[in-house]
$ cat structure_9.pdb   # PDB, C-alpha atoms
ATOM      1  CA  MET Y   1     290.018  42.779 108.360  1.00  0.00           C
ATOM      2  CA  ASN Y   2     287.674  45.741 107.959  1.00  0.00           C
ATOM      3  CA  SER Y   3     285.074  44.688 105.409  1.00  0.00           C
ATOM      4  CA  ASN Y   4     283.811  48.226 104.812  1.00  0.00           C
ATOM      5  CA  ILE Y   5     287.064  49.553 103.330  1.00  0.00           C
ATOM      6  CA  PHE Y   6     287.604  48.983  99.618  1.00  0.00           C
ATOM      7  CA  PRO Y   7     289.066  47.264  97.804  1.00  0.00           C
ATOM      8  CA  ILE Y   8     288.407  43.965  99.595  1.00  0.00           C
ATOM      9  CA  LEU Y   9     291.043  41.582  98.251  1.00  0.00           C
ATOM     10  CA  ASP Y  10     290.493  38.652 100.659  1.00  0.00           C
ATOM     11  CA  LYS Y  11     289.381  35.867  98.287  1.00  0.00           C
ATOM     12  CA  ASP Y  12     287.977  33.734 101.102  1.00  0.00           C
ATOM     13  CA  PHE Y  13     285.835  36.579 102.462  1.00  0.00           C
ATOM     14  CA  VAL Y  14     284.542  37.436  98.975  1.00  0.00           C
ATOM     15  CA  ALA Y  15     283.732  33.754  98.323  1.00  0.00           C
ATOM     16  CA  GLN Y  16     281.622  33.655 101.497  1.00  0.00           C
ATOM     17  CA  LEU Y  17     279.347  36.365 100.080  1.00  0.00           C
ATOM     18  CA  ILE Y  18     278.145  34.298  97.102  1.00  0.00           C
ATOM     19  CA  PRO Y  19     276.375  30.926  96.988  1.00  0.00           C
ATOM     20  CA  GLN Y  20     278.827  29.347  94.524  1.00  0.00           C
ATOM     21  CA  LYS Y  21     281.692  27.283  95.917  1.00  0.00           C
ATOM     22  CA  PHE Y  22     285.089  26.210  94.557  1.00  0.00           C
ATOM     23  CA  PRO Y  23     285.699  25.400  91.700  1.00  0.00           C
ATOM     24  CA  PHE Y  24     282.781  27.542  90.495  1.00  0.00           C
ATOM     25  CA  VAL Y  25     283.809  30.834  92.147  1.00  0.00           C
ATOM     26  CA  MET Y  26     284.358  33.466  89.431  1.00  0.00           C
ATOM     27  CA  VAL Y  27     284.953  36.560  91.625  1.00  0.00           C
ATOM     28  CA  ASP Y  28     287.953  37.077  93.884  1.00  0.00           C
ATOM     29  CA  LYS Y  29     287.749  40.737  94.928  1.00  0.00           C
ATOM     30  CA  LEU Y  30     285.206  43.408  95.767  1.00  0.00           C
ATOM     31  CA  LEU Y  31     286.577  46.696  94.479  1.00  0.00           C
ATOM     32  CA  ALA Y  32     283.723  49.137  95.185  1.00  0.00           C
ATOM     33  CA  PHE Y  33     280.175  49.124  96.498  1.00  0.00           C
ATOM     34  CA  SER Y  34     277.395  51.701  96.674  1.00  0.00           C
ATOM     35  CA  GLU Y  35     273.615  51.697  96.893  1.00  0.00           C
ATOM     36  CA  ASN Y  36     273.039  50.809  93.220  1.00  0.00           C
ATOM     37  CA  GLU Y  37     276.452  49.681  91.988  1.00  0.00           C
ATOM     38  CA  ILE Y  38     279.217  47.223  92.655  1.00  0.00           C
ATOM     39  CA  THR Y  39     282.587  46.634  91.029  1.00  0.00           C
ATOM     40  CA  ALA Y  40     283.901  43.097  91.366  1.00  0.00           C
ATOM     41  CA  GLY Y  41     287.103  41.570  90.092  1.00  0.00           C
ATOM     42  CA  LEU Y  42     288.682  38.337  88.983  1.00  0.00           C
ATOM     43  CA  THR Y  43     292.274  37.654  88.074  1.00  0.00           C
ATOM     44  CA  VAL Y  44     291.995  34.662  85.738  1.00  0.00           C
ATOM     45  CA  PRO Y  45     293.890  31.743  87.341  1.00  0.00           C
ATOM     46  CA  LEU Y  46     295.301  28.690  85.550  1.00  0.00           C
ATOM     47  CA  GLU Y  47     293.143  26.311  87.614  1.00  0.00           C
ATOM     48  CA  ASN Y  48     289.868  28.004  86.585  1.00  0.00           C
ATOM     49  CA  ILE Y  49     287.521  25.435  85.062  1.00  0.00           C
ATOM     50  CA  PHE Y  50     286.594  27.850  82.257  1.00  0.00           C
ATOM     51  CA  VAL Y  51     290.197  28.370  81.081  1.00  0.00           C
ATOM     52  CA  SER Y  52     291.123  26.581  77.883  1.00  0.00           C
ATOM     53  CA  ASP Y  53     294.390  27.175  76.005  1.00  0.00           C
ATOM     54  CA  ALA Y  54     295.163  30.122  78.340  1.00  0.00           C
ATOM     55  CA  THR Y  55     291.845  31.813  77.402  1.00  0.00           C
ATOM     56  CA  PHE Y  56     288.917  32.435  79.753  1.00  0.00           C
ATOM     57  CA  GLN Y  57     285.935  31.108  77.798  1.00  0.00           C
ATOM     58  CA  GLU Y  58     282.624  32.890  77.095  1.00  0.00           C
ATOM     59  CA  SER Y  59     280.745  30.753  79.620  1.00  0.00           C
ATOM     60  CA  GLY Y  60     283.221  31.715  82.343  1.00  0.00           C
ATOM     61  CA  LEU Y  61     282.966  35.415  81.535  1.00  0.00           C
ATOM     62  CA  ILE Y  62     279.156  35.290  81.641  1.00  0.00           C
ATOM     63  CA  GLU Y  63     279.305  33.373  84.931  1.00  0.00           C
ATOM     64  CA  HIS Y  64     281.726  36.003  86.285  1.00  0.00           C
ATOM     65  CA  MET Y  65     279.221  38.697  85.310  1.00  0.00           C
ATOM     66  CA  ALA Y  66     276.371  36.828  87.027  1.00  0.00           C
ATOM     67  CA  GLN Y  67     278.458  36.238  90.168  1.00  0.00           C
ATOM     68  CA  SER Y  68     279.249  39.954  90.272  1.00  0.00           C
ATOM     69  CA  VAL Y  69     275.486  40.489  90.605  1.00  0.00           C
ATOM     70  CA  ALA Y  70     275.355  37.785  93.303  1.00  0.00           C
ATOM     71  CA  LEU Y  71     278.192  39.567  95.110  1.00  0.00           C
ATOM     72  CA  TYR Y  72     276.149  42.778  95.137  1.00  0.00           C
ATOM     73  CA  THR Y  73     273.267  40.964  96.840  1.00  0.00           C
ATOM     74  CA  GLY Y  74     275.541  38.977  99.136  1.00  0.00           C
ATOM     75  CA  TYR Y  75     277.356  42.081 100.352  1.00  0.00           C
ATOM     76  CA  GLN Y  76     274.032  43.895 100.932  1.00  0.00           C
ATOM     77  CA  PHE Y  77     272.897  41.036 103.174  1.00  0.00           C
ATOM     78  CA  TYR Y  78     276.307  40.905 104.896  1.00  0.00           C
ATOM     79  CA  LEU Y  79     275.949  44.584 105.826  1.00  0.00           C
ATOM     80  CA  LYS Y  80     272.509  43.817 107.308  1.00  0.00           C
ATOM     81  CA  GLN Y  81     274.084  40.845 109.148  1.00  0.00           C
ATOM     82  CA  GLU Y  82     271.680  38.449 107.455  1.00  0.00           C
ATOM     83  CA  PRO Y  83     272.443  35.268 105.495  1.00  0.00           C
ATOM     84  CA  ALA Y  84     272.495  35.860 101.753  1.00  0.00           C
ATOM     85  CA  PRO Y  85     269.756  34.151  99.767  1.00  0.00           C
ATOM     86  CA  THR Y  86     270.393  31.937  96.772  1.00  0.00           C
ATOM     87  CA  GLY Y  87     269.415  33.231  93.368  1.00  0.00           C
ATOM     88  CA  TYR Y  88     269.621  32.389  89.704  1.00  0.00           C
ATOM     89  CA  ILE Y  89     269.804  34.121  86.349  1.00  0.00           C
ATOM     90  CA  GLY Y  90     266.214  34.839  85.317  1.00  0.00           C
ATOM     91  CA  SER Y  91     267.097  36.106  81.866  1.00  0.00           C
ATOM     92  CA  ILE Y  92     269.895  37.534  79.799  1.00  0.00           C
ATOM     93  CA  LYS Y  93     268.635  40.338  77.592  1.00  0.00           C
ATOM     94  CA  SER Y  94     271.884  40.803  75.745  1.00  0.00           C
ATOM     95  CA  ILE Y  95     275.541  39.981  76.188  1.00  0.00           C
ATOM     96  CA  GLU Y  96     278.174  41.344  73.850  1.00  0.00           C
ATOM     97  CA  ILE Y  97     281.682  39.961  74.222  1.00  0.00           C
ATOM     98  CA  VAL Y  98     284.333  41.961  72.380  1.00  0.00           C
ATOM     99  CA  ARG Y  99     287.392  40.080  73.617  1.00  0.00           C
ATOM    100  CA  LEU Y 100     288.055  37.081  75.841  1.00  0.00           C
ATOM    101  CA  PRO Y 101     290.354  37.470  78.861  1.00  0.00           C
ATOM    102  CA  GLN Y 102     293.636  35.610  78.929  1.00  0.00           C
ATOM    103  CA  LEU Y 103     295.320  33.779  81.786  1.00  0.00           C
ATOM    104  CA  GLY Y 104     296.414  36.308  84.428  1.00  0.00           C
ATOM    105  CA  ASP Y 105     294.191  39.138  83.137  1.00  0.00           C
ATOM    106  CA  ALA Y 106     292.507  41.192  85.859  1.00  0.00           C
ATOM    107  CA  ILE Y 107     288.842  41.627  84.954  1.00  0.00           C
ATOM    108  CA  GLU Y 108     286.923  44.480  86.594  1.00  0.00           C
ATOM    109  CA  THR Y 109     283.166  44.216  86.289  1.00  0.00           C
ATOM    110  CA  THR Y 110     280.771  46.991  87.222  1.00  0.00           C
ATOM    111  CA  VAL Y 111     277.153  46.124  87.868  1.00  0.00           C
ATOM    112  CA  ASN Y 112     274.658  48.976  87.759  1.00  0.00           C
ATOM    113  CA  VAL Y 113     271.295  48.121  89.318  1.00  0.00           C
ATOM    114  CA  LEU Y 114     268.510  49.501  87.140  1.00  0.00           C
ATOM    115  CA  GLN Y 115     265.599  48.073  89.096  1.00  0.00           C
ATOM    116  CA  GLU Y 116     264.956  45.871  92.135  1.00  0.00           C
ATOM    117  CA  PHE Y 117     261.485  44.594  92.926  1.00  0.00           C
ATOM    118  CA  MET Y 118     260.297  41.591  94.959  1.00  0.00           C
ATOM    119  CA  GLY Y 119     263.542  39.650  94.628  1.00  0.00           C
ATOM    120  CA  VAL Y 120     264.030  40.403  90.918  1.00  0.00           C
ATOM    121  CA  THR Y 121     267.019  42.571  90.035  1.00  0.00           C
ATOM    122  CA  LEU Y 122     267.567  44.073  86.572  1.00  0.00           C
ATOM    123  CA  VAL Y 123     271.157  45.140  85.949  1.00  0.00           C
ATOM    124  CA  GLU Y 124     273.521  46.513  83.317  1.00  0.00           C
ATOM    125  CA  ILE Y 125     276.968  44.957  83.436  1.00  0.00           C
ATOM    126  CA  SER Y 126     280.278  46.094  81.959  1.00  0.00           C
ATOM    127  CA  SER Y 127     283.505  44.091  82.171  1.00  0.00           C
ATOM    128  CA  LYS Y 128     286.874  45.708  81.495  1.00  0.00           C
ATOM    129  CA  ILE Y 129     290.542  44.853  81.421  1.00  0.00           C
ATOM    130  CA  ASN Y 130     292.846  47.857  81.924  1.00  0.00           C
ATOM    131  CA  THR Y 131     289.911  50.270  81.398  1.00  0.00           C
ATOM    132  CA  ILE Y 132     289.078  48.709  77.996  1.00  0.00           C
ATOM    133  CA  GLU Y 133     285.579  47.242  77.835  1.00  0.00           C
ATOM    134  CA  ILE Y 134     285.632  43.575  76.832  1.00  0.00           C
ATOM    135  CA  ALA Y 135     281.983  42.668  77.521  1.00  0.00           C
ATOM    136  CA  ARG Y 136     278.658  44.257  78.362  1.00  0.00           C
ATOM    137  CA  GLY Y 137     275.135  43.094  78.876  1.00  0.00           C
ATOM    138  CA  GLN Y 138     271.855  43.179  80.716  1.00  0.00           C
ATOM    139  CA  MET Y 139     270.673  40.479  83.058  1.00  0.00           C
ATOM    140  CA  LYS Y 140     267.783  39.767  85.392  1.00  0.00           C
ATOM    141  CA  THR Y 141     268.459  37.769  88.533  1.00  0.00           C
ATOM    142  CA  VAL Y 142     265.840  36.241  90.799  1.00  0.00           C
ATOM    143  CA  LEU Y 143     266.207  35.428  94.503  1.00  0.00           C
ATOM    144  CA  VAL Y 144     264.900  32.112  95.764  1.00  0.00           C
ATOM    145  CA  SER Y 145     262.637  32.675  98.764  1.00  0.00           C
TER
END
$ encode --input "structure_9.pdb" --output "structure tokens"
Amino acid sequence: MNSNIFPILDKDFVAQLIPQKFPFVMVDKLLAFSENEITAGLTVPLENIFVSDATFQESGLIEHMAQSVALYTGYQFYLKQEPAPTGYIGSIKSIEIVRLPQLGDAIETTVNVLQEFMGVTLVEISSKINTIEIARGQMKTVLVS
């Protein structure tokens, strides 16, 4: 598999780029990557721990957004052939959820990096289903050194 050609749809490869492990993996594809932006995806599966009554819950959507940020960092380190560091959500400035995804929905989340400094990354995030925005927000993530 060539991991520099997008989209990357190999779930196992994508899962290796983030610190979370099954059943907490909330990204299953890497759709696009550039210097300050990544687009990640998740098709909501039945076995997802955040699915209740065929609906992907708020906590799962926020975790998907955060893992999209982690995927950005993980892929950066993969390209440098270095192990990806662990990180955590430092703060959530705002999250607005317009609609919750349903079972089988394909979420596409674009992370735009606004600022990176000493392991702290400030991002804007937008999640869509079929080009319709369902959630947006700003988050700060912090790498553990």
$ residues_around --input "structure_9.pdb" --residues "region 9-26 of chain Y" --least-positions-apart "6" --cutoff "6 Å" --atoms "only C-alpha atoms" --output "list in words"
His64, Ala70, Leu71 and Gly74 of chain Y
$ atom_distance --input "structure_9.pdb" --atom1 "CA of Ile92 (chain Y)" --atom2 "CA of Ile107 (chain Y)"
20.1 Å
$ resolve_selection --input "structure_9.pdb" --expression "the PyMOL selection byres ((chain Y and resi 4) around 12)" --output "JSON, numbers by chain"
{"Y": [1, 2, 3, 5, 6, 7, 8, 9, 30, 31, 32, 33, 34, 75, 76, 78, 79]}
$ resolve_selection --input "structure_9.pdb" --expression "the PyMOL selection byres ((chain Y and resi 102) around 8)" --output "ChimeraX atom specification"
/Y:44,54-56,100-101,103-105
$ resolve_selection --input "structure_9.pdb" --expression "the PyMOL selection byres ((chain Y and resi 85) around 7)" --output "ChimeraX atom specification"
/Y:83-84,86-87,143-144
$ decode --input "structure_9.pdb" --residues "region 45-57 of chain Y" --atoms "all heavy atoms" --output "compact mmCIF listing (two decimals), in the first residue's frame"
# COMPACT_ATOMS: atom_id res chain seq x y z
N PRO Y 45 -20.15 2.59 12.49
CA PRO Y 45 -20.51 1.17 12.52
C PRO Y 45 -21.42 0.83 13.70
O PRO Y 45 -21.40 1.51 14.73
CB PRO Y 45 -19.15 0.48 12.67
CG PRO Y 45 -18.35 1.45 13.50
CD PRO Y 45 -18.85 2.83 13.11
N LEU Y 46 -22.16 -0.24 13.57
CA LEU Y 46 -23.08 -0.70 14.61
C LEU Y 46 -22.35 -0.96 15.93
O LEU Y 46 -22.86 -0.65 17.00
CB LEU Y 46 -23.80 -1.98 14.15
CG LEU Y 46 -24.76 -2.62 15.14
CD1 LEU Y 46 -25.89 -1.65 15.49
CD2 LEU Y 46 -25.33 -3.91 14.58
N GLU Y 47 -21.13 -1.51 15.85
CA GLU Y 47 -20.41 -1.90 17.06
C GLU Y 47 -19.72 -0.73 17.77
O GLU Y 47 -19.09 -0.91 18.81
CB GLU Y 47 -19.39 -3.01 16.77
CG GLU Y 47 -18.25 -2.61 15.87
CD GLU Y 47 -18.55 -2.73 14.38
OE1 GLU Y 47 -19.71 -3.00 13.99
OE2 GLU Y 47 -17.63 -2.52 13.59
N ASN Y 48 -19.86 0.49 17.26
CA ASN Y 48 -19.23 1.64 17.89
C ASN Y 48 -19.82 1.86 19.27
O ASN Y 48 -21.04 1.87 19.45
CB ASN Y 48 -19.41 2.88 17.02
CG ASN Y 48 -18.60 4.04 17.52
OD1 ASN Y 48 -18.89 4.60 18.57
ND2 ASN Y 48 -17.56 4.40 16.79
N ILE Y 49 -18.95 2.07 20.26
CA ILE Y 49 -19.41 2.21 21.64
C ILE Y 49 -20.23 3.47 21.88
O ILE Y 49 -20.91 3.57 22.90
CB ILE Y 49 -18.23 2.16 22.64
CG1 ILE Y 49 -17.24 3.28 22.35
CG2 ILE Y 49 -17.56 0.82 22.62
CD1 ILE Y 49 -16.17 3.45 23.41
N PHE Y 50 -20.17 4.43 20.96
CA PHE Y 50 -20.93 5.66 21.11
C PHE Y 50 -22.24 5.65 20.31
O PHE Y 50 -22.89 6.68 20.19
CB PHE Y 50 -20.09 6.88 20.72
CG PHE Y 50 -18.94 7.13 21.66
CD1 PHE Y 50 -17.64 6.95 21.24
CD2 PHE Y 50 -19.17 7.56 22.96
CE1 PHE Y 50 -16.57 7.19 22.10
CE2 PHE Y 50 -18.12 7.79 23.83
CZ PHE Y 50 -16.81 7.62 23.40
N VAL Y 51 -22.61 4.50 19.76
CA VAL Y 51 -23.88 4.39 19.03
C VAL Y 51 -24.96 3.92 19.99
O VAL Y 51 -24.79 2.93 20.69
CB VAL Y 51 -23.75 3.43 17.83
CG1 VAL Y 51 -25.13 3.13 17.23
CG2 VAL Y 51 -22.84 4.01 16.76
N SER Y 52 -26.05 4.66 20.02
CA SER Y 52 -27.20 4.30 20.83
C SER Y 52 -28.46 4.53 20.00
O SER Y 52 -28.63 5.63 19.45
CB SER Y 52 -27.23 5.16 22.10
OG SER Y 52 -28.37 4.86 22.87
N ASP Y 53 -29.30 3.54 19.89
CA ASP Y 53 -30.53 3.63 19.09
C ASP Y 53 -30.23 4.12 17.67
O ASP Y 53 -30.90 5.03 17.15
CB ASP Y 53 -31.56 4.54 19.76
CG ASP Y 53 -32.05 4.00 21.09
OD1 ASP Y 53 -32.17 2.76 21.21
OD2 ASP Y 53 -32.29 4.80 22.01
N ALA Y 54 -29.18 3.56 17.07
CA ALA Y 54 -28.76 3.85 15.69
C ALA Y 54 -28.26 5.28 15.48
O ALA Y 54 -28.12 5.74 14.36
CB ALA Y 54 -29.86 3.51 14.69
N THR Y 55 -27.97 6.00 16.59
CA THR Y 55 -27.47 7.37 16.52
C THR Y 55 -26.10 7.46 17.16
O THR Y 55 -25.88 6.94 18.27
CB THR Y 55 -28.44 8.34 17.23
OG1 THR Y 55 -29.73 8.25 16.60
CG2 THR Y 55 -27.96 9.78 17.17
N PHE Y 56 -25.17 8.11 16.47
CA PHE Y 56 -23.83 8.36 16.99
C PHE Y 56 -23.94 9.54 17.95
O PHE Y 56 -24.32 10.65 17.56
CB PHE Y 56 -22.90 8.68 15.81
CG PHE Y 56 -21.43 8.68 16.11
CD1 PHE Y 56 -20.83 7.65 16.83
CD2 PHE Y 56 -20.62 9.69 15.62
CE1 PHE Y 56 -19.46 7.64 17.07
CE2 PHE Y 56 -19.25 9.69 15.84
CZ PHE Y 56 -18.67 8.66 16.58
N GLN Y 57 -23.64 9.31 19.21
CA GLN Y 57 -23.88 10.30 20.27
C GLN Y 57 -22.88 11.47 20.23
O GLN Y 57 -21.82 11.37 19.62
CB GLN Y 57 -23.82 9.62 21.63
CG GLN Y 57 -24.84 8.50 21.80
CD GLN Y 57 -26.27 9.00 21.62
OE1 GLN Y 57 -26.72 9.89 22.34
NE2 GLN Y 57 -26.98 8.45 20.65
